[in-house]
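Student: Got a file for you: input.txt, compact mmCIF, C-alpha atoms.
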```txt
# COMPACT_ATOMS: atom_id res chain seq x y z
CA MET A 19 -166.99 -51.51 84.00
CA ILE A 20 -165.55 -55.02 83.94
CA ALA A 21 -161.76 -55.08 83.72
CA VAL A 22 -160.29 -57.86 81.57
CA VAL A 23 -156.68 -58.00 82.71
CA ARG A 24 -154.15 -58.40 79.91
CA PHE A 25 -150.70 -59.75 80.68
CA GLY A 26 -147.96 -60.30 78.14
CA GLY A 27 -149.09 -63.59 76.65
CA SER A 28 -152.82 -63.29 77.38
CA ASN A 29 -154.72 -64.34 74.27
CA CYS A 30 -158.37 -64.66 75.29
CA ASP A 31 -158.72 -61.05 76.44
CA ARG A 32 -160.51 -59.81 73.33
CA ASP A 33 -162.74 -62.89 73.23
CA ALA A 34 -163.78 -62.15 76.82
CA VAL A 35 -164.67 -58.53 76.02
CA ARG A 36 -166.69 -59.61 72.99
CA ALA A 37 -168.49 -62.35 74.91
CA LEU A 38 -169.31 -59.97 77.77
CA ASP A 39 -170.62 -57.50 75.20
CA ALA A 40 -172.90 -60.25 73.88
CA VAL A 41 -174.57 -60.49 77.30
CA GLY A 42 -174.83 -56.71 77.62
CA VAL A 43 -171.88 -56.17 79.95
CA ASP A 44 -169.50 -53.25 79.43
CA ALA A 45 -165.92 -54.52 79.57
CA GLU A 46 -162.49 -53.15 78.77
CA ILE A 47 -159.04 -54.60 78.43
CA VAL A 48 -156.73 -53.34 81.18
CA TRP A 49 -152.96 -53.68 80.76
CA HIS A 50 -151.59 -55.22 83.94
CA GLU A 51 -148.97 -52.52 84.47
CA ASP A 52 -151.71 -49.87 84.62
CA GLY A 53 -153.44 -51.40 87.65
CA LEU A 54 -157.20 -51.75 88.09
CA PRO A 55 -159.20 -48.61 87.19
CA ALA A 56 -161.15 -46.94 90.01
CA ASP A 57 -164.49 -47.74 88.33
CA THR A 58 -163.87 -51.50 88.20
CA ASP A 59 -167.09 -53.42 88.98
CA GLY A 60 -165.70 -56.83 88.15
CA VAL A 61 -162.53 -58.55 86.97
CA VAL A 62 -161.87 -61.23 84.38
CA ILE A 63 -158.44 -62.84 84.30
CA PRO A 64 -158.48 -64.28 80.80
CA GLY A 65 -156.85 -67.28 79.20
CA GLY A 66 -153.54 -67.40 77.43
CA PHE A 67 -149.92 -68.02 78.27
CA SER A 68 -148.97 -65.18 80.57
CA TYR A 69 -145.21 -64.85 80.93
CA GLY A 70 -144.81 -67.80 78.59
CA ASP A 71 -145.87 -70.17 81.39
CA TYR A 72 -142.40 -69.67 82.91
CA LEU A 73 -141.80 -71.74 86.05
CA ARG A 74 -145.43 -72.95 86.18
CA ALA A 75 -148.53 -71.81 84.30
CA GLY A 76 -149.75 -68.65 86.05
CA ALA A 77 -146.88 -68.46 88.53
CA MET A 78 -145.44 -65.17 87.32
CA ALA A 79 -148.70 -63.32 86.69
CA ALA A 80 -150.00 -64.39 90.10
CA ARG A 81 -147.17 -62.44 91.72
CA SER A 82 -147.43 -59.31 89.56
CA PRO A 83 -148.48 -56.04 91.24
CA ILE A 84 -151.96 -55.89 89.65
CA MET A 85 -152.86 -59.08 91.49
CA ASP A 86 -152.64 -57.14 94.77
CA ASP A 87 -155.37 -54.90 93.31
CA VAL A 88 -157.37 -57.94 92.22
CA ARG A 89 -157.11 -59.61 95.65
CA ALA A 90 -158.15 -56.37 97.36
CA ALA A 91 -161.12 -56.02 94.98
CA ALA A 92 -162.09 -59.64 95.57
CA GLU A 93 -161.96 -59.15 99.32
CA SER A 94 -164.29 -56.18 99.05
CA GLY A 95 -166.85 -58.26 97.14
CA THR A 96 -166.03 -57.35 93.54
CA PRO A 97 -166.71 -60.41 91.37
CA VAL A 98 -163.53 -62.00 89.98
CA LEU A 99 -163.49 -64.76 87.35
CA GLY A 100 -160.34 -66.58 86.23
CA ILE A 101 -160.64 -68.57 83.01
CA CYS A 102 -158.05 -71.13 81.88
CA ASN A 103 -154.71 -69.36 82.39
CA GLY A 104 -156.71 -67.01 84.59
CA ALA A 105 -157.74 -70.02 86.68
CA GLN A 106 -154.11 -71.10 86.97
CA ILE A 107 -153.24 -67.54 88.04
CA GLY A 108 -156.12 -67.53 90.54
CA CYS A 109 -154.91 -70.72 92.23
CA GLU A 110 -151.27 -69.62 92.15
CA GLY A 111 -152.30 -66.28 93.60
CA GLY A 112 -154.34 -67.75 96.44
CA LEU A 113 -157.75 -66.57 95.23
CA THR A 114 -158.89 -70.19 95.09
CA PRO A 115 -157.51 -73.38 96.64
CA GLY A 116 -155.66 -76.10 94.77
CA ALA A 117 -153.50 -76.00 91.67
CA PHE A 118 -153.91 -76.68 87.98
CA THR A 119 -151.02 -78.73 86.68
CA THR A 120 -149.93 -80.96 83.79
CA ASN A 121 -152.75 -82.90 82.10
CA ARG A 122 -152.80 -86.64 82.74
CA SER A 123 -152.10 -87.07 79.02
CA ALA A 124 -149.03 -84.79 79.21
CA ARG A 125 -150.46 -83.16 76.09
CA PHE A 126 -152.13 -79.87 75.24
CA GLN A 127 -155.82 -80.63 74.71
CA CYS A 128 -158.21 -78.54 72.66
CA GLU A 129 -161.71 -80.03 72.56
CA HIS A 130 -165.30 -79.62 73.66
CA VAL A 131 -166.25 -81.07 77.02
CA HIS A 132 -169.46 -81.60 78.94
CA LEU A 133 -169.79 -80.11 82.40
CA ARG A 134 -172.35 -80.82 85.08
CA VAL A 135 -173.52 -77.85 87.10
CA GLU A 136 -172.83 -78.82 90.70
CA ASN A 137 -174.10 -75.74 92.50
CA ALA A 138 -176.61 -73.46 90.76
CA ASP A 139 -176.88 -71.12 93.71
CA THR A 140 -173.88 -68.92 92.88
CA PRO A 141 -173.57 -65.75 90.79
CA TRP A 142 -171.75 -67.78 88.11
CA THR A 143 -174.31 -70.55 87.77
CA ARG A 144 -177.61 -68.86 88.56
CA ALA A 145 -178.61 -69.16 84.90
CA TYR A 146 -178.52 -72.95 85.18
CA ASP A 147 -180.16 -75.61 87.30
CA GLU A 148 -178.18 -78.02 89.43
CA GLY A 149 -177.47 -81.10 87.34
CA ASP A 150 -177.69 -79.25 84.02
CA VAL A 151 -175.16 -80.38 81.42
CA VAL A 152 -173.41 -77.62 79.49
CA GLU A 153 -170.82 -77.82 76.74
CA PHE A 154 -167.74 -75.56 76.83
CA PRO A 155 -164.42 -75.81 75.01
CA ILE A 156 -161.18 -76.51 76.82
CA ALA A 157 -157.73 -75.59 75.52
CA HIS A 158 -154.98 -76.32 77.99
CA GLY A 159 -151.90 -78.37 78.76
CA GLU A 160 -152.03 -77.78 82.52
CA GLY A 161 -155.63 -78.22 83.59
CA ARG A 162 -155.46 -81.14 85.99
CA PHE A 163 -156.88 -79.97 89.28
CA GLU A 164 -154.76 -81.09 92.21
CA ILE A 165 -155.49 -80.41 95.85
CA PRO A 166 -154.75 -82.24 99.11
CA ASP A 167 -157.61 -84.60 100.01
CA ALA A 168 -158.53 -82.76 103.21
CA GLU A 169 -158.79 -79.43 101.36
CA LEU A 170 -160.89 -81.01 98.63
CA ALA A 171 -163.24 -82.48 101.22
CA ALA A 172 -163.67 -79.01 102.74
CA VAL A 173 -164.35 -77.46 99.32
CA GLU A 174 -166.94 -80.13 98.56
CA ASP A 175 -168.56 -79.86 102.00
CA GLU A 176 -168.92 -76.12 101.47
CA ASN A 177 -170.47 -76.76 98.06
CA ARG A 178 -167.78 -74.73 96.31
CA VAL A 179 -167.45 -76.93 93.22
CA LEU A 180 -169.16 -75.15 90.31
CA PHE A 181 -168.66 -77.66 87.48
CA ARG A 182 -167.44 -81.23 87.07
CA TYR A 183 -166.41 -82.91 83.82
CA CYS A 184 -169.10 -85.40 82.83
CA ASP A 185 -170.39 -87.34 79.87
CA ALA A 186 -173.19 -86.08 77.62
CA ASP A 187 -175.78 -87.50 80.01
CA GLY A 188 -174.33 -85.71 83.02
CA THR A 189 -172.66 -88.74 84.59
CA VAL A 190 -169.33 -87.90 86.18
CA THR A 191 -166.94 -90.60 84.98
CA ASP A 192 -163.19 -91.02 84.72
CA LYS A 193 -163.57 -91.42 80.95
CA ALA A 194 -165.22 -88.00 80.75
CA ASN A 195 -162.39 -86.44 82.72
CA PRO A 196 -160.20 -84.86 80.04
CA ASN A 197 -157.15 -84.07 82.16
CA GLY A 198 -157.21 -86.23 85.28
CA SER A 199 -158.61 -83.55 87.59
CA LYS A 200 -159.35 -84.74 91.12
CA HIS A 201 -163.03 -85.62 91.44
CA ASN A 202 -163.48 -84.22 87.89
CA VAL A 203 -163.40 -80.65 89.21
CA ALA A 204 -163.46 -78.17 86.32
CA GLY A 205 -164.27 -74.98 88.22
CA LEU A 206 -164.68 -73.86 91.81
CA LEU A 207 -165.30 -70.95 94.12
CA GLY A 208 -162.80 -69.12 96.29
CA ALA A 209 -163.46 -68.11 99.88
CA ASP A 210 -166.42 -66.03 98.71
CA GLU A 211 -168.97 -66.96 96.07
CA THR A 212 -167.96 -63.84 94.12
CA ILE A 213 -164.56 -65.43 93.33
CA ALA A 214 -164.46 -68.25 90.77
CA VAL A 215 -162.00 -70.02 88.51
CA MET A 216 -162.56 -72.57 85.76
CA MET A 217 -160.42 -74.24 83.12
CA PRO A 218 -163.16 -74.50 80.43
CA HIS A 219 -163.89 -71.38 78.39
CA PRO A 220 -167.40 -69.93 78.86
CA GLU A 221 -166.40 -66.96 76.69
CA ARG A 222 -165.80 -69.32 73.76
CA ALA A 223 -169.34 -70.59 74.06
CA ALA A 224 -171.12 -67.26 74.19
CA LEU A 225 -171.61 -65.96 70.65
CA PRO A 226 -174.64 -67.13 68.65
CA LEU A 227 -172.60 -66.86 65.43
CA LEU A 228 -170.24 -69.54 66.71
CA GLY A 229 -172.99 -71.97 67.66
CA ARG A 230 -173.55 -72.87 71.27
CA THR A 231 -174.11 -70.15 73.85
CA ASP A 232 -173.96 -72.28 77.01
CA GLY A 233 -171.26 -70.06 78.46
CA GLN A 234 -173.36 -66.91 78.58
CA GLY A 235 -174.78 -67.94 81.94
CA VAL A 236 -171.39 -67.69 83.61
CA LEU A 237 -170.73 -64.24 82.17
CA GLU A 238 -174.16 -63.01 83.24
CA ALA A 239 -172.75 -62.88 86.77
CA PHE A 240 -171.33 -59.52 85.75
CA ALA A 241 -174.64 -58.15 84.46
CA MET B 1 -121.45 -61.05 104.63
CA SER B 2 -120.32 -64.22 102.91
CA ALA B 3 -121.03 -65.62 99.47
CA TYR B 4 -123.21 -68.72 99.22
CA THR B 5 -125.00 -70.78 96.61
CA ALA B 6 -128.34 -72.08 97.79
CA THR B 7 -129.53 -75.05 95.78
CA VAL B 8 -133.32 -75.37 95.90
CA THR B 9 -134.72 -78.68 94.69
CA VAL B 10 -138.46 -78.72 94.00
CA ARG B 11 -140.28 -81.99 93.46
CA LEU B 12 -143.88 -83.14 93.28
CA LYS B 13 -145.25 -84.49 96.53
CA ARG B 14 -145.45 -88.25 96.72
CA GLY B 15 -148.71 -89.38 95.21
CA VAL B 16 -149.08 -86.46 92.81
CA LEU B 17 -149.11 -87.76 89.25
CA ASP B 18 -146.19 -86.64 87.06
CA PRO B 19 -147.25 -87.33 83.47
CA GLU B 20 -144.00 -86.00 81.99
CA ALA B 21 -141.93 -88.30 84.19
CA GLU B 22 -144.17 -91.24 83.22
CA THR B 23 -143.68 -90.42 79.55
CA THR B 24 -139.92 -90.17 80.07
CA LYS B 25 -139.89 -93.51 81.87
CA ARG B 26 -141.73 -95.18 79.01
CA ALA B 27 -139.27 -93.67 76.52
CA LEU B 28 -136.32 -95.06 78.52
CA GLU B 29 -137.99 -98.47 78.53
CA ARG B 30 -138.43 -98.25 74.77
CA LEU B 31 -134.69 -97.68 74.57
CA GLY B 32 -134.19 -100.97 76.37
CA PHE B 33 -133.41 -99.70 79.87
CA GLU B 34 -134.75 -101.45 82.93
CA LEU B 35 -136.03 -99.15 85.67
CA GLU B 36 -138.57 -99.21 88.44
CA ALA B 37 -139.57 -95.56 88.61
CA LEU B 38 -138.44 -92.11 87.57
CA ARG B 39 -139.04 -88.78 89.26
CA SER B 40 -138.18 -85.40 87.79
CA THR B 41 -137.29 -82.35 89.86
CA ASP B 42 -136.60 -78.71 89.28
CA ARG B 43 -133.31 -77.46 90.65
CA PHE B 44 -132.56 -73.78 91.19
CA GLU B 45 -129.08 -72.54 92.05
CA VAL B 46 -129.33 -69.19 93.79
CA ASP B 47 -126.18 -67.15 94.37
CA LEU B 48 -126.62 -64.83 97.34
CA ASP B 49 -124.69 -63.02 100.06
CA ALA B 50 -125.75 -63.56 103.67
CA ALA B 51 -124.43 -63.19 107.22
CA ASP B 52 -124.08 -66.96 107.57
CA ALA B 53 -125.24 -70.22 106.05
CA ASP B 54 -128.40 -70.33 108.18
CA ALA B 55 -129.46 -66.90 106.97
CA ALA B 56 -128.79 -67.95 103.39
CA ALA B 57 -130.88 -71.08 103.86
CA GLU B 58 -133.69 -69.15 105.47
CA ARG B 59 -133.88 -66.72 102.57
CA ALA B 60 -133.81 -69.54 100.00
CA GLU B 61 -136.58 -71.36 101.88
CA GLU B 62 -138.73 -68.27 101.71
CA MET B 63 -138.05 -68.06 97.97
CA ALA B 64 -139.26 -71.64 97.67
CA GLU B 65 -142.37 -71.00 99.78
CA ARG B 66 -143.36 -67.88 97.90
CA LEU B 67 -142.45 -68.66 94.30
CA LEU B 68 -140.11 -71.49 93.36
CA ALA B 69 -142.42 -74.19 94.71
CA ASN B 70 -146.19 -74.41 94.86
CA PRO B 71 -146.81 -75.82 98.35
CA THR B 72 -150.09 -77.35 97.17
CA ILE B 73 -148.28 -79.89 95.01
CA HIS B 74 -144.57 -79.57 95.79
CA ASP B 75 -142.05 -80.44 98.46
CA TYR B 76 -138.66 -78.79 98.36
CA ASP B 77 -135.31 -78.89 100.05
CA VAL B 78 -132.53 -76.35 100.32
CA ASP B 79 -128.81 -77.02 100.40
CA VAL B 80 -126.37 -74.18 101.07
CA ALA B 81 -122.70 -74.16 100.15
CA ALA B 82 -120.03 -71.48 100.39
CA ARG B 83 -119.30 -69.82 97.07
CA GLU B 84 -115.81 -68.79 95.93
```
Would you mind writing the file out in structure tokens?
Tutor:
Amino acid sequence: MIAVVRFGGSNCDRDAVRALDAVGVDAEIVWHEDGLPADTDGVVIPGGFSYGDYLRAGAMAARSPIMDDVRAAAESGTPVLGICNGAQIGCEGGLTPGAFTTNRSARFQCEHVHLRVENADTPWTRAYDEGDVVEFPIAHGEGRFEIPDAELAAVEDENRVLFRYCDADGTVTDKANPNGSKHNVAGLLGADETIAVMMPHPERAALPLLGRTDGQGVLEAFA
Amino acid sequence: MSAYTATVTVRLKRGVLDPEAETTKRALERLGFELEALRSTDRFEVDLDAADADAAAERAEEMAERLLANPTIHDYDVDVAARE
């Protein structure tokens, strides 16, 4: 069973369960105070505004007790995916390097973006080919990826960037960078390939009724 | 034990873009002010009891390391003063 962790202020938890269901994955919402169930095979930290974004987006949830469970699960190889606010929580909680902070525009942005698949040899991107262009929605005010240059170089050397913002043809340009993220990074791996965070929403691009289903490939990591 | 207030100031590291500060700067310029740059900071005033000022500072620094600041993007400093 995949645990979709709900904090006060999570708002993409039900979308994640429905999207996982669409790719044949059994998922349940888990209230953060209840801790991870013993039969957890995977964890999604969904989008939203946990703890009202107090202090910094994700700062409070990252230090809540259930995150000790999530870190322990991640260390034992259980796949963990943080989406949007879940990505902010993942970086704040040390699952992945870097930080997601205020968009270059200083505005909340809700739009569709193109992403280039940078590494197709991970559980999250196996459904794609390297260089593929996918279209996911973003909806965030703090999605600008920041990381010290030396750490970014290490992440890139280790091929841990999953997706970069690009134009419709797959060219990574500053114009196609919606939030000012360093090197257009939209999603990356943690220390292990089973840990991933991304600001764009694969679960909002996973239901045939809503149009594009580009995001299913990410969620198939849990299948 | 003595009473102290530890003031923790958290600011973005030099070179990290601060879009809100940029927007604020532009608004000040629209109001006719002349300025070269503007930086915003978060300031936390923490009342605590500790054996001495060094112990108070040490505890406040750990608060900054573990929660008040994000070391990836922030620098911080701590100033401790006796509290009445």
Student: Got a sec: who's within 10 Å of range 5-16 of chain B, counting only C-alpha atoms, leaving out chain neighbours fewer than 3 positions off, as number ranges by chain?
Tutor: A: 164-166; B: 19, 39-49, 53, 56-61, 63-64, 68-84
Student: Could you produce a table of the residues of chain A lying within 8 Å of chain B, with the nearest pair of atoms per residue and their separation in Å rounded to one decimal, using only C-alpha atoms, ordered by chain and increasing residue number, as JSON lines?
Tutor:
```
{"residue": "A:Leu73", "atom": "CA", "partner": "B:Leu68", "partner_atom": "CA", "distance": 7.5}
{"residue": "A:Ala77", "atom": "CA", "partner": "B:Leu67", "partner_atom": "CA", "distance": 7.3}
{"residue": "A:Glu110", "atom": "CA", "partner": "B:Asn70", "partner_atom": "CA", "distance": 7.5}
{"residue": "A:Gly116", "atom": "CA", "partner": "B:Thr72", "partner_atom": "CA", "distance": 6.2}
{"residue": "A:Ala117", "atom": "CA", "partner": "B:Thr72", "partner_atom": "CA", "distance": 6.6}
{"residue": "A:Thr120", "atom": "CA", "partner": "B:Pro19", "partner_atom": "CA", "distance": 6.9}
{"residue": "A:Asn121", "atom": "CA", "partner": "B:Pro19", "partner_atom": "CA", "distance": 7.2}
{"residue": "A:Arg122", "atom": "CA", "partner": "B:Pro19", "partner_atom": "CA", "distance": 5.6}
{"residue": "A:Ser123", "atom": "CA", "partner": "B:Pro19", "partner_atom": "CA", "distance": 6.6}
{"residue": "A:Ala124", "atom": "CA", "partner": "B:Pro19", "partner_atom": "CA", "distance": 5.3}
{"residue": "A:Glu164", "atom": "CA", "partner": "B:Ile73", "partner_atom": "CA", "distance": 7.2}
{"residue": "A:Ile165", "atom": "CA", "partner": "B:Thr72", "partner_atom": "CA", "distance": 6.3}
{"residue": "A:Pro166", "atom": "CA", "partner": "B:Thr72", "partner_atom": "CA", "distance": 7.0}
```
Student: What is the distance, in Å and to one decimal place, between CA of Thr96 in chain A and CA of Ala171 in chain A?
Tutor: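 Interatomic distance, CA of Thr96 in chain A to CA of Ala171 in chain A: 26.4 Å.
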Student: For range 174-189 of chain A, what centre and edge lengths in Å (one decimal) does the axis-aligned box get once 3 Å is added on each side of all its listed atoms, as JSON?
Tutor:
```
{"center_x": -171.1, "center_y": -81.7, "center_z": 89.8, "size_x": 15.4, "size_y": 20.0, "size_z": 30.4}
```
Student: Kindly extract all protein, DNA and RNA residues lying within 10 Å of the coordinates (-175.5, -80.8, 81.5) given in the file, considering all atoms listed in the file, and supply them as a short mmCIF file (atom, residue, chain, number, x, y, z; two decimals) with C-alpha atoms, in the frame of the given file.
Tutor:
```
data_model
loop_
_atom_site.label_atom_id
_atom_site.label_comp_id
_atom_site.auth_asym_id
_atom_site.auth_seq_id
_atom_site.Cartn_x
_atom_site.Cartn_y
_atom_site.Cartn_z
CA HIS A 132 -169.46 -81.60 78.94
CA LEU A 133 -169.79 -80.11 82.40
CA ARG A 134 -172.35 -80.82 85.08
CA VAL A 135 -173.52 -77.85 87.10
CA GLU A 136 -172.83 -78.82 90.70
CA TYR A 146 -178.52 -72.95 85.18
CA ASP A 147 -180.16 -75.61 87.30
CA GLU A 148 -178.18 -78.02 89.43
CA GLY A 149 -177.47 -81.10 87.34
CA ASP A 150 -177.69 -79.25 84.02
CA VAL A 151 -175.16 -80.38 81.42
CA VAL A 152 -173.41 -77.62 79.49
CA GLU A 153 -170.82 -77.82 76.74
CA PHE A 181 -168.66 -77.66 87.48
CA ARG A 182 -167.44 -81.23 87.07
CA TYR A 183 -166.41 -82.91 83.82
CA CYS A 184 -169.10 -85.40 82.83
CA ASP A 185 -170.39 -87.34 79.87
CA ALA A 186 -173.19 -86.08 77.62
CA ASP A 187 -175.78 -87.50 80.01
CA GLY A 188 -174.33 -85.71 83.02
CA THR A 189 -172.66 -88.74 84.59
CA ASP A 232 -173.96 -72.28 77.01
#
```
Student: Quick one: pull the distance between CA of Leu31 in chain B and CA of Phe126 in chain A, Å, one decimal.
Tutor: 24.9 Å
Student: Work out how far apart CA of Asp86 in chain A and CA of Val61 in chain A are and give it in Å to one decimal.
Tutor: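 It comes out at 12.7 Å.
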Student: Determine, counting all atoms listed in the file, which protein, DNA and RNA residues have an atom within 8 Å of an atom of Val98 in chain A; residues of the same chain fewer than 4 positions away are not included. Present the result as a PyMOL selection string.
Tutor: chain A and resi 60-63+88+92+212-214
Student: Residues within 9 Å of Pro155 in chain A, please, as a list in words. Count only C-alpha atoms; anything in the same chain fewer than 3 positions from it doesn't count.
Tutor: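 What passes the distance filter is Cys128, Glu129, His130, Val131, His132, Pro218, His219, Pro220, Arg222 and Ala223 of chain A.
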Student: Could you save those same residues with C-alpha atoms as a PDB file, in the coordinates of the input?
Tutor:
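Generated output (out.pdb):
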```
ATOM      1  CA  CYS A 128    -158.210 -78.540  72.660  1.00  0.00           C
ATOM      2  CA  GLU A 129    -161.710 -80.030  72.560  1.00  0.00           C
ATOM      3  CA  HIS A 130    -165.300 -79.620  73.660  1.00  0.00           C
ATOM      4  CA  VAL A 131    -166.250 -81.070  77.020  1.00  0.00           C
ATOM      5  CA  HIS A 132    -169.460 -81.600  78.940  1.00  0.00           C
ATOM      6  CA  PRO A 218    -163.160 -74.500  80.430  1.00  0.00           C
ATOM      7  CA  HIS A 219    -163.890 -71.380  78.390  1.00  0.00           C
ATOM      8  CA  PRO A 220    -167.400 -69.930  78.860  1.00  0.00           C
ATOM      9  CA  ARG A 222    -165.800 -69.320  73.760  1.00  0.00           C
ATOM     10  CA  ALA A 223    -169.340 -70.590  74.060  1.00  0.00           C
TER      11      ALA A 223
END
```
Student: Which residue out of B:Ala3, B:Thr24, B:Ala55, B:Ala50 has the minimum interatomic distance to Leu38 in chain B when only C-alpha atoms are used?
Tutor: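 Smallest distance to Leu38 in chain B is found for B:Thr24.
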Student: Excluding Arg144 in chain A and any residue of its chain fewer than 2 positions from it, enumerate the residues within 9 Å of it, using all atoms listed in the file, and give them as a PyMOL selection string.
Tutor: chain A and resi 137-142+146-147+235-236+238-239
Student: Write out the residues from the selection above, keeping C-alpha atoms, as an mmCIF file, in the coordinates of the input.
Tutor:
```
data_model
loop_
_atom_site.group_PDB
_atom_site.id
_atom_site.type_symbol
_atom_site.label_atom_id
_atom_site.label_comp_id
_atom_site.auth_asym_id
_atom_site.auth_seq_id
_atom_site.Cartn_x
_atom_site.Cartn_y
_atom_site.Cartn_z
ATOM 1 C CA ASN A 137 -174.100 -75.740 92.500
ATOM 2 C CA ALA A 138 -176.610 -73.460 90.760
ATOM 3 C CA ASP A 139 -176.880 -71.120 93.710
ATOM 4 C CA THR A 140 -173.880 -68.920 92.880
ATOM 5 C CA PRO A 141 -173.570 -65.750 90.790
ATOM 6 C CA TRP A 142 -171.750 -67.780 88.110
ATOM 7 C CA TYR A 146 -178.520 -72.950 85.180
ATOM 8 C CA ASP A 147 -180.160 -75.610 87.300
ATOM 9 C CA GLY A 235 -174.780 -67.940 81.940
ATOM 10 C CA VAL A 236 -171.390 -67.690 83.610
ATOM 11 C CA GLU A 238 -174.160 -63.010 83.240
ATOM 12 C CA ALA A 239 -172.750 -62.880 86.770
#
```
Student: Counting only C-alpha atoms, figure out which residue out of A:Asp39, A:Asp192, A:Asp87, A:Glu176 gets nearest to Leu206 in chain A.
Tutor: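 When distances to Leu206 in chain A are compared using only C-alpha atoms, the smallest one comes from A:Glu176.
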Student: Closest to Leu38 in chain A among A:Val22, A:Leu54, A:Ala157, A:Ala145, using only C-alpha atoms?
Tutor: A:Val22
Student: Could you add the missing atoms to range 22-27 of chain B, up to all heavy atoms, and return them as a PDB file, in the coordinates of the input?
Tutor:
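What landed in result.pdb:
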```
ATOM      1  N   GLU B  22    -143.667 -89.946  83.704  1.00  0.00           N
ATOM      2  CA  GLU B  22    -144.170 -91.240  83.220  1.00  0.00           C
ATOM      3  C   GLU B  22    -143.821 -91.438  81.756  1.00  0.00           C
ATOM      4  O   GLU B  22    -143.430 -92.522  81.330  1.00  0.00           O
ATOM      5  CB  GLU B  22    -145.695 -91.317  83.418  1.00  0.00           C
ATOM      6  CG  GLU B  22    -146.132 -91.540  84.865  1.00  0.00           C
ATOM      7  CD  GLU B  22    -145.568 -92.833  85.440  1.00  0.00           C
ATOM      8  OE1 GLU B  22    -145.666 -93.870  84.755  1.00  0.00           O
ATOM      9  OE2 GLU B  22    -145.002 -92.785  86.545  1.00  0.00           O
ATOM     10  N   THR B  23    -143.991 -90.357  80.983  1.00  0.00           N
ATOM     11  CA  THR B  23    -143.680 -90.420  79.550  1.00  0.00           C
ATOM     12  C   THR B  23    -142.187 -90.670  79.358  1.00  0.00           C
ATOM     13  O   THR B  23    -141.768 -91.462  78.489  1.00  0.00           O
ATOM     14  CB  THR B  23    -144.106 -89.115  78.868  1.00  0.00           C
ATOM     15  OG1 THR B  23    -145.489 -88.890  79.148  1.00  0.00           O
ATOM     16  CG2 THR B  23    -143.918 -89.189  77.361  1.00  0.00           C
ATOM     17  N   THR B  24    -141.369 -90.010  80.164  1.00  0.00           N
ATOM     18  CA  THR B  24    -139.920 -90.170  80.070  1.00  0.00           C
ATOM     19  C   THR B  24    -139.518 -91.609  80.426  1.00  0.00           C
ATOM     20  O   THR B  24    -138.668 -92.223  79.767  1.00  0.00           O
ATOM     21  CB  THR B  24    -139.220 -89.176  81.018  1.00  0.00           C
ATOM     22  OG1 THR B  24    -139.709 -87.871  80.738  1.00  0.00           O
ATOM     23  CG2 THR B  24    -137.708 -89.200  80.826  1.00  0.00           C
ATOM     24  N   LYS B  25    -140.175 -92.133  81.461  1.00  0.00           N
ATOM     25  CA  LYS B  25    -139.890 -93.510  81.870  1.00  0.00           C
ATOM     26  C   LYS B  25    -140.196 -94.485  80.736  1.00  0.00           C
ATOM     27  O   LYS B  25    -139.398 -95.367  80.424  1.00  0.00           O
ATOM     28  CB  LYS B  25    -140.725 -93.854  83.116  1.00  0.00           C
ATOM     29  CG  LYS B  25    -140.619 -95.288  83.583  1.00  0.00           C
ATOM     30  CD  LYS B  25    -141.366 -95.480  84.899  1.00  0.00           C
ATOM     31  CE  LYS B  25    -141.333 -96.915  85.383  1.00  0.00           C
ATOM     32  NZ  LYS B  25    -142.339 -97.763  84.747  1.00  0.00           N
ATOM     33  N   ARG B  26    -141.356 -94.284  80.109  1.00  0.00           N
ATOM     34  CA  ARG B  26    -141.730 -95.180  79.010  1.00  0.00           C
ATOM     35  C   ARG B  26    -140.733 -95.082  77.856  1.00  0.00           C
ATOM     36  O   ARG B  26    -140.399 -96.068  77.211  1.00  0.00           O
ATOM     37  CB  ARG B  26    -143.150 -94.865  78.527  1.00  0.00           C
ATOM     38  CG  ARG B  26    -144.228 -95.414  79.459  1.00  0.00           C
ATOM     39  CD  ARG B  26    -145.577 -95.530  78.737  1.00  0.00           C
ATOM     40  NE  ARG B  26    -146.044 -94.240  78.245  1.00  0.00           N
ATOM     41  CZ  ARG B  26    -146.732 -93.372  78.995  1.00  0.00           C
ATOM     42  NH1 ARG B  26    -147.025 -93.669  80.245  1.00  0.00           N
ATOM     43  NH2 ARG B  26    -147.117 -92.220  78.493  1.00  0.00           N
ATOM     44  N   ALA B  27    -140.237 -93.851  77.611  1.00  0.00           N
ATOM     45  CA  ALA B  27    -139.270 -93.670  76.520  1.00  0.00           C
ATOM     46  C   ALA B  27    -137.962 -94.396  76.857  1.00  0.00           C
ATOM     47  O   ALA B  27    -137.337 -95.009  75.983  1.00  0.00           O
ATOM     48  CB  ALA B  27    -139.014 -92.184  76.294  1.00  0.00           C
TER      49      ALA B  27
END
```
